[in-house]
Amino acid sequence: MHRTERRYAARAMLFACSSAVILAGTAARAADDAAAAPPAVSEVVVTASRQDLLGVATTASQGSVTQQELSLRPVYRVGQLLESTPGLVVTAHSGEGKANQYLVRGFNLDHGTDIANFVDDMPVNRPTNTHGQGYSDVNFEIPELAQGLDYTKGPYYAAIGDFGAVASTHLKLANEVPNQVAVAAGGFGIYNVFVGGTRRLGDDDRIVGGLYYGHVDGPFDHPDNFRKFAAELRYSHGDSADGASATLMYYKGDGNFTTDQPLRAIQEGVIGRFGTLDPTDGSSSERTSLSGHYGATGEGWKFSSSSYYIHSRMTLWNDFTHFLDDPVNGDQEAQNETRDTYGGQLSLALDRRLGAIDNELVVGLQARRDQAYLDRRHTQARQVLDYCEVQQPDGPATPIPAVNGACAADNVRLLDLGAYVEDTTRWTPWLRTVLGLREEDYQASDHSLISGFSGSGHQSLAQPKGSIVLGPLFQTELYLSAGRGFHSDDVRGVFGTVPLAGIPGLAGKTPLLAPATGEEAGLRTNIVPKLSVQVALFQEDFQSELAYNADAGQDEASAPSRRQGVEISAEYRPFRWMELNADLAFSKARYRGDAATLANFGLSGPFIANAPSFIGSFGILVDNLGPWFGGLQWRDLGKYPIMDGDEFPQDKGYSEINLDIGYKFSAHLKAQLTVFNLTNAKANAAAYFYTARLPGEPAEGIAGVQVHPLEPVSAVAKISYEF
């Protein structure tokens with residue numbers, strides 16, 4: 001069968017599987033209707049990937065993932081826990097110690113440009129990051145200590161600010177876990193150990209903690225040799241509604257990279273499919289955080305608050321263009337960052353009843369302060385050189401002396417203040433409205449230690465949001481939503497400290513805050529017993545797209561853009577011990593504007609690089625089938641253009657099946673076998689199109705396809721003992 005035909009066959013099979021979920025549920029309902037016996041008491045669902053939000057959710061695309069789903073989902077890297085969000089792909093184009101690449105709703109969100117990730121209410125995204133705007137590295141998470149995950153899509157939620165216009169995830173931490181030790185080992189140099197548990201101090205007080213060490217080489221000719229150490233200590237009293245908690249987290253990760261490589265180097269035999277032209281690329285990261293929560297409730301009111309302090313540092317050694325800028329020593333750069341982030345939030349919810357009308361008013365305030373030192377140094381084999389290759393608008397890069405070893409060095413200060421109000425009114429048992437208004441005040445300053453330039457500024461942005469919900473009627477709700485959100489831009493580009501972080505002069509000034517507007521219509525229904533279905537039609541417009549410039553290893557503000565699409569999700573639970581689920585997401589991504597407008601951004605057409613037109617998945621969860629448990633996940637990433645402006649060339653995406661099978665020998669001992677890429681699909685985890693130069697090639701380099709391979713089939717065995 002031809003490769004394209006196999007691709008369509010796989011897609012057809014995915015459709016067939018999702019259709020089977022719905023048809024099976026319809027058949028189950030028909031059987032129930034045919035039965036003469038009176039209806040039984042509702043069965044408690046034991047195996048479920050998502051909580052039922054009927055009567056609670058603001059949109060059809062909002063959801064809450066259970067801890068059970070996170071524990072049964074087979075994941076190669078910790079960031080793939082976030083793939084429990086329907087329609088979200090989490091992949092990589094470098095090593096394991098770097099932030100993942102996120103794709104959802106036709107957006108390539110790079111390392112986090114428009115997906116706001118939170119852990120224990122701490123923001124993970126880093127604005128004005130040394131590598132990419134919104135850089136969101138979740139490697140510090142310990143999966144065994146995760147309690148569940150909430151997600152949203154679209155700019156319809158007043159409590160979500162920067163980077164959350166397209167999607168957001170909120171990972172919750174457990175207040176209690178069994179005392180346990182777990183050891184795992186497998187192919188590609190994978191081995192890890194986890195030790196953790198809970199100490200109860202009373203009926204309402206407990207301390208939970210855990211230590212994790214992991215190692216992975218990957219399939220690469222030059223092993224990643226990535227080492228991760230993570231620790232967590234958490235004290236909690238009561239629960240999130242009435243209680244308090246304090247959490248200390250630490251993470252350190254070090255390893256090598258195999259970044260995206262020129263396809264021609266692989267085809268010509270210069271390197272293998274898993275080879276690299278610069279084996280000294282790599283990363284070193286460290287993160288320490290302290291976070292706390294306090295909540296209280298009374299008659300008709302609820303108060304919630306949290307605060308955090310995060311200290312992080314990172315160094316990335318990247319060589320994307322090889323010998324294009326520096327034909328002698330190569331183009332490797334060290335990107336360094338040291339950052340302190342602190343902030344918090346508080347909210348007060350007031351419940352009122354006016355006759356037959358129920359009303360909840362939420363007033364909230366959020367504040368975040370970042371102080372960061374960023375620099376970029378020209379290196380060879382991770383050793384700092386005493387000169388820099390400075391890119392020019394036209395012509396080759398120009399060598400200049402480094403200043404104290406740095407090619408760029410900035411002290412950045414950011415202050416993000418967000419105040420919001422959200423009002424939910426239940427006018428009747430089948431009609432409610434959610435109206436919100438968020439006001440952002442963003443202040444920033446940047447001081448270049450190279451040129452001495454200083455820039456500062458601020459911008460405010462009002463963000464109205466609203467939803468109308470009809471239902472529940474016949475176990476079904478209809479949603480209509482509209483709203484405004486935003487992402488912040490790299491302040492070095494806003495103030496012109498680093499021109500390449502901004503946009504071409506003809507396109508105008510880079511905004512500090514780039515607004516986005518969205519509209520969505522959706523449906524959520526449980527009308528068929530044991531079957532839950534969610535459907536959402538969406539459109540979202542950005543005033544300024546954040547596009548990844550692989551030449552510079554940075555995100556740059558680009559042209560206005562629009563996404564349109566539809567998402568369909570279904571979960572069917574035929575037995576207490578099984579769930580079948582399917583998610584289908586179709587989208588169309590285009591830059592907006594006439595030819596002259598696009599030309600100002602250096603675009604020859606409207607197509608957006610790395611914006612997938614289709615993302616699909618099919619999953620099976622099994623738990624408490626006697627001693628058996630496990631999960632299967634089939635993820636399909638559709639084709640996408642790899643060069644901004646043009647429809648071609650394209651990458652075909654990938655289809656991957658991961659499988660997890662577990663057996664409980666006793667109440668204390670269990671074993672698991674996880675197989676990744678079960679069918680050994682040979683595809684690219686990521687692909688780009690940009691100019692690079694290999695030794696002996698023309699001085700101007702060659703524009704071509706750059707690829708990072710999907711990991712081939714591998715397996716990991718794990719043994720866990722609870723005590």
# chains A, B, ... in the order shown; residues from 1 in each chain; ligands from 1
>>> select_by_dssp(residues="segment 634-702 of chain A", states="strand (DSSP E)", output="PDB file with C-alpha atoms, in the first residue's frame")
ATOM      1  CA  TRP A 634      -3.425   6.271  19.563  1.00  0.00           C
ATOM      2  CA  ARG A 635      -2.410   9.800  18.622  1.00  0.00           C
ATOM      3  CA  ASP A 636      -2.558  11.154  15.046  1.00  0.00           C
ATOM      4  CA  LEU A 637      -0.999  14.474  14.023  1.00  0.00           C
ATOM      5  CA  TYR A 640       1.150  20.761   8.062  1.00  0.00           C
ATOM      6  CA  PRO A 641       3.132  23.295   5.996  1.00  0.00           C
ATOM      7  CA  GLN A 650       4.584  19.924   3.969  1.00  0.00           C
ATOM      8  CA  ASP A 651       5.331  17.335   6.610  1.00  0.00           C
ATOM      9  CA  TYR A 654       2.726  11.137  12.466  1.00  0.00           C
ATOM     10  CA  SER A 655       0.548   8.426  13.919  1.00  0.00           C
ATOM     11  CA  GLU A 656       1.716   6.775  17.139  1.00  0.00           C
ATOM     12  CA  ILE A 657       0.321   4.050  19.402  1.00  0.00           C
ATOM     13  CA  ASN A 658       1.440   3.738  23.019  1.00  0.00           C
ATOM     14  CA  LEU A 659       0.354   0.844  25.224  1.00  0.00           C
ATOM     15  CA  ASP A 660       0.475   0.228  28.973  1.00  0.00           C
ATOM     16  CA  ILE A 661      -0.358  -3.130  30.606  1.00  0.00           C
ATOM     17  CA  GLY A 662      -0.293  -3.664  34.372  1.00  0.00           C
ATOM     18  CA  TYR A 663      -0.902  -6.519  36.809  1.00  0.00           C
ATOM     19  CA  LYS A 664      -1.498  -6.336  40.577  1.00  0.00           C
ATOM     20  CA  LEU A 669       2.881  -5.136  44.606  1.00  0.00           C
ATOM     21  CA  LYS A 670       2.171  -4.387  40.957  1.00  0.00           C
ATOM     22  CA  ALA A 671       4.065  -4.522  37.663  1.00  0.00           C
ATOM     23  CA  GLN A 672       3.647  -2.588  34.417  1.00  0.00           C
ATOM     24  CA  LEU A 673       4.956  -2.866  30.873  1.00  0.00           C
ATOM     25  CA  THR A 674       4.730   0.207  28.654  1.00  0.00           C
ATOM     26  CA  VAL A 675       5.421   0.065  24.919  1.00  0.00           C
ATOM     27  CA  PHE A 676       5.943   3.314  23.017  1.00  0.00           C
ATOM     28  CA  ASN A 684       9.188  13.259  12.144  1.00  0.00           C
ATOM     29  CA  ALA A 685       8.292  14.474  15.609  1.00  0.00           C
ATOM     30  CA  ALA A 686       8.887  17.984  14.225  1.00  0.00           C
ATOM     31  CA  ALA A 687       9.886  19.519  10.883  1.00  0.00           C
ATOM     32  CA  TYR A 688      10.882  23.031   9.775  1.00  0.00           C
ATOM     33  CA  PHE A 689      12.157  24.864   6.702  1.00  0.00           C
ATOM     34  CA  TYR A 690      15.055  27.296   7.061  1.00  0.00           C
ATOM     35  CA  THR A 691      18.554  28.037   5.816  1.00  0.00           C
ATOM     36  CA  ALA A 692      21.587  26.195   7.150  1.00  0.00           C
ATOM     37  CA  ILE A 702      20.897  26.241   1.489  1.00  0.00           C
TER      38      ILE A 702
END
>>> residues_around(residues="Gly701 of chain A", least_positions_apart="3", cutoff="12 Å", atoms="only C-alpha atoms", output="PyMOL selection string")
chain A and resi 262+321-327+395-396+551+690-698+704
>>> closest_residue(among="A:Asp358, A:Asp52, A:Asp340, A:Asp217", to="Tyr373 of chain A", atoms="only C-alpha atoms")
A:Asp340
>>> residues_around(residues="segment 424-428 of chain A", least_positions_apart="3", cutoff="7 Å", atoms="only C-alpha atoms", output="PyMOL selection string")
chain A and resi 357-361+431-435
>>> write_last_selection(atoms="N, CA and C atoms", output="short mmCIF file (atom, residue, chain, number, x, y, z; two decimals), in the first residue's frame")
data_model
loop_
_atom_site.label_atom_id
_atom_site.label_comp_id
_atom_site.auth_asym_id
_atom_site.auth_seq_id
_atom_site.Cartn_x
_atom_site.Cartn_y
_atom_site.Cartn_z
N ILE A 357 -33.94 33.31 40.99
CA ILE A 357 -32.69 33.51 40.26
C ILE A 357 -31.50 33.32 41.19
N ASP A 358 -30.59 32.44 40.81
CA ASP A 358 -29.35 32.23 41.55
C ASP A 358 -28.23 33.02 40.87
N ASN A 359 -27.40 33.65 41.68
CA ASN A 359 -26.32 34.46 41.13
C ASN A 359 -25.04 34.23 41.92
N GLU A 360 -23.93 34.09 41.20
CA GLU A 360 -22.61 34.02 41.82
C GLU A 360 -21.72 35.09 41.22
N LEU A 361 -21.18 35.94 42.05
CA LEU A 361 -20.28 37.01 41.61
C LEU A 361 -18.89 36.71 42.15
N LEU A 431 -31.34 27.91 31.87
CA LEU A 431 -30.68 29.06 31.24
C LEU A 431 -29.75 29.73 32.25
N ARG A 432 -28.49 29.86 31.87
CA ARG A 432 -27.56 30.63 32.69
C ARG A 432 -26.63 31.44 31.79
N THR A 433 -26.14 32.52 32.32
CA THR A 433 -25.19 33.38 31.61
C THR A 433 -23.94 33.53 32.46
N VAL A 434 -22.80 33.65 31.78
CA VAL A 434 -21.52 33.91 32.45
C VAL A 434 -20.92 35.12 31.77
N LEU A 435 -20.84 36.22 32.49
CA LEU A 435 -20.31 37.48 31.96
C LEU A 435 -19.06 37.86 32.74
#
>>> closest_residue(among="A:Ala381, A:Ala48, A:Ala265, A:Ile207", to="Leu72 of chain A", atoms="only C-alpha atoms")
A:Ala48
>>> residues_around(residues="Asn526 of chain A", least_positions_apart="4", cutoff="8 Å", atoms="only C-alpha atoms", output="ChimeraX atom specification")
/A:475-476,530-533
>>> atom_distance(atom1="atom CA of Ala408 of chain A", atom2="atom CA of Ala444 of chain A")
18.3 Å
>>> atom_distance(atom1="atom CA of Gly619 of chain A", atom2="atom CA of Leu580 of chain A")
5.8 Å
